[in-house]
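**Student:** Shown below is the structure under consideration.
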Amino acid sequence: MMEHGKTICTERFGVYVGFIFSYFAFTTILYYILVLTHKIPGYWNYLYVMLLTIIIVMVGVVLKRLTR
């Protein structure tokens with residue numbers, strides 16, 4: 001039988017892994033869409049799109065916490 005604390009820890013780990021996987025999948029897809037449609041400057045690379053995406057995530061987290 002599993003303990004309740006281990007279940008919560010496992011669920012939290014799963015949420016974090018899912019978020020990280022989704023973040024990289026979304027960022028990669030967004031990067032290729034922007035490159036193929038020529039919507040970003042030529043000197044931008046994947047890291048700039050990662051920074052842009054993390055800013056969007058942080059704005060979402062701040063808005064979620066402000067509206068609770």
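Labeling convention for the structure tokens: chains A, B, ... as they appear, residues from 1 per chain, ligands from 1 in order of appearance.
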If DSSP is run on the backbone, what residues of chain A are alpha helix (DSSP H)? A reply as a ChimeraX atom specification would be ideal.
**Tutor:** /A:4-36,46-66
**Student:** Fewer than 5 positions away in the same chain doesn't count, so skip those; otherwise give me all residues within 12 Å of segment 54-63 of chain A, counting only C-alpha atoms, as a list in words.
**Tutor:**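 Near neighbours after the sequence-gap exclusion: Phe19, Ile20, Ser22, Tyr23, Phe24, Phe26, Thr27, Leu47, Tyr48, Val49 and Arg68 of chain A.
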**Student:** Check the smallest atom-to-atom distance from each of A:Val15, A:Thr7, A:Tyr32, A:Phe21 to Trp44 of chain A using only C-alpha atoms, then report the winner.
**Tutor:**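 Ranking A:Val15, A:Thr7, A:Tyr32, A:Phe21 by distance to Trp44 of chain A, first place goes to A:Tyr32.
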**Student:** Distance atom CA of Thr10 of chain A-atom CA of Lys64 of chain A, one decimal place?
**Tutor:** 24.1 Å
**Student:** Select, from A:Tyr46, A:Tyr16, A:Glu11, A:Leu66, the residue with the minimum atom-to-atom distance to Tyr31 of chain A, counting only C-alpha atoms.
**Tutor:**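 Closest to Tyr31 of chain A of all the choices is A:Tyr46.
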**Student:** Work out how far apart atom CA of Met50 of chain A and atom CA of Leu30 of chain A are and give it in Å to one decimal.
**Tutor:**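 According to the coordinates, atom CA of Met50 of chain A and atom CA of Leu30 of chain A are separated by 9.5 Å.
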**Student:** Could you tell me how far atom CA of Thr28 of chain A sits from atom CA of Thr53 of chain A, in Å to one decimal place?
**Tutor:**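 One can read the atom CA of Thr53 of chain A to atom CA of Thr28 of chain A distance as 10.3 Å.
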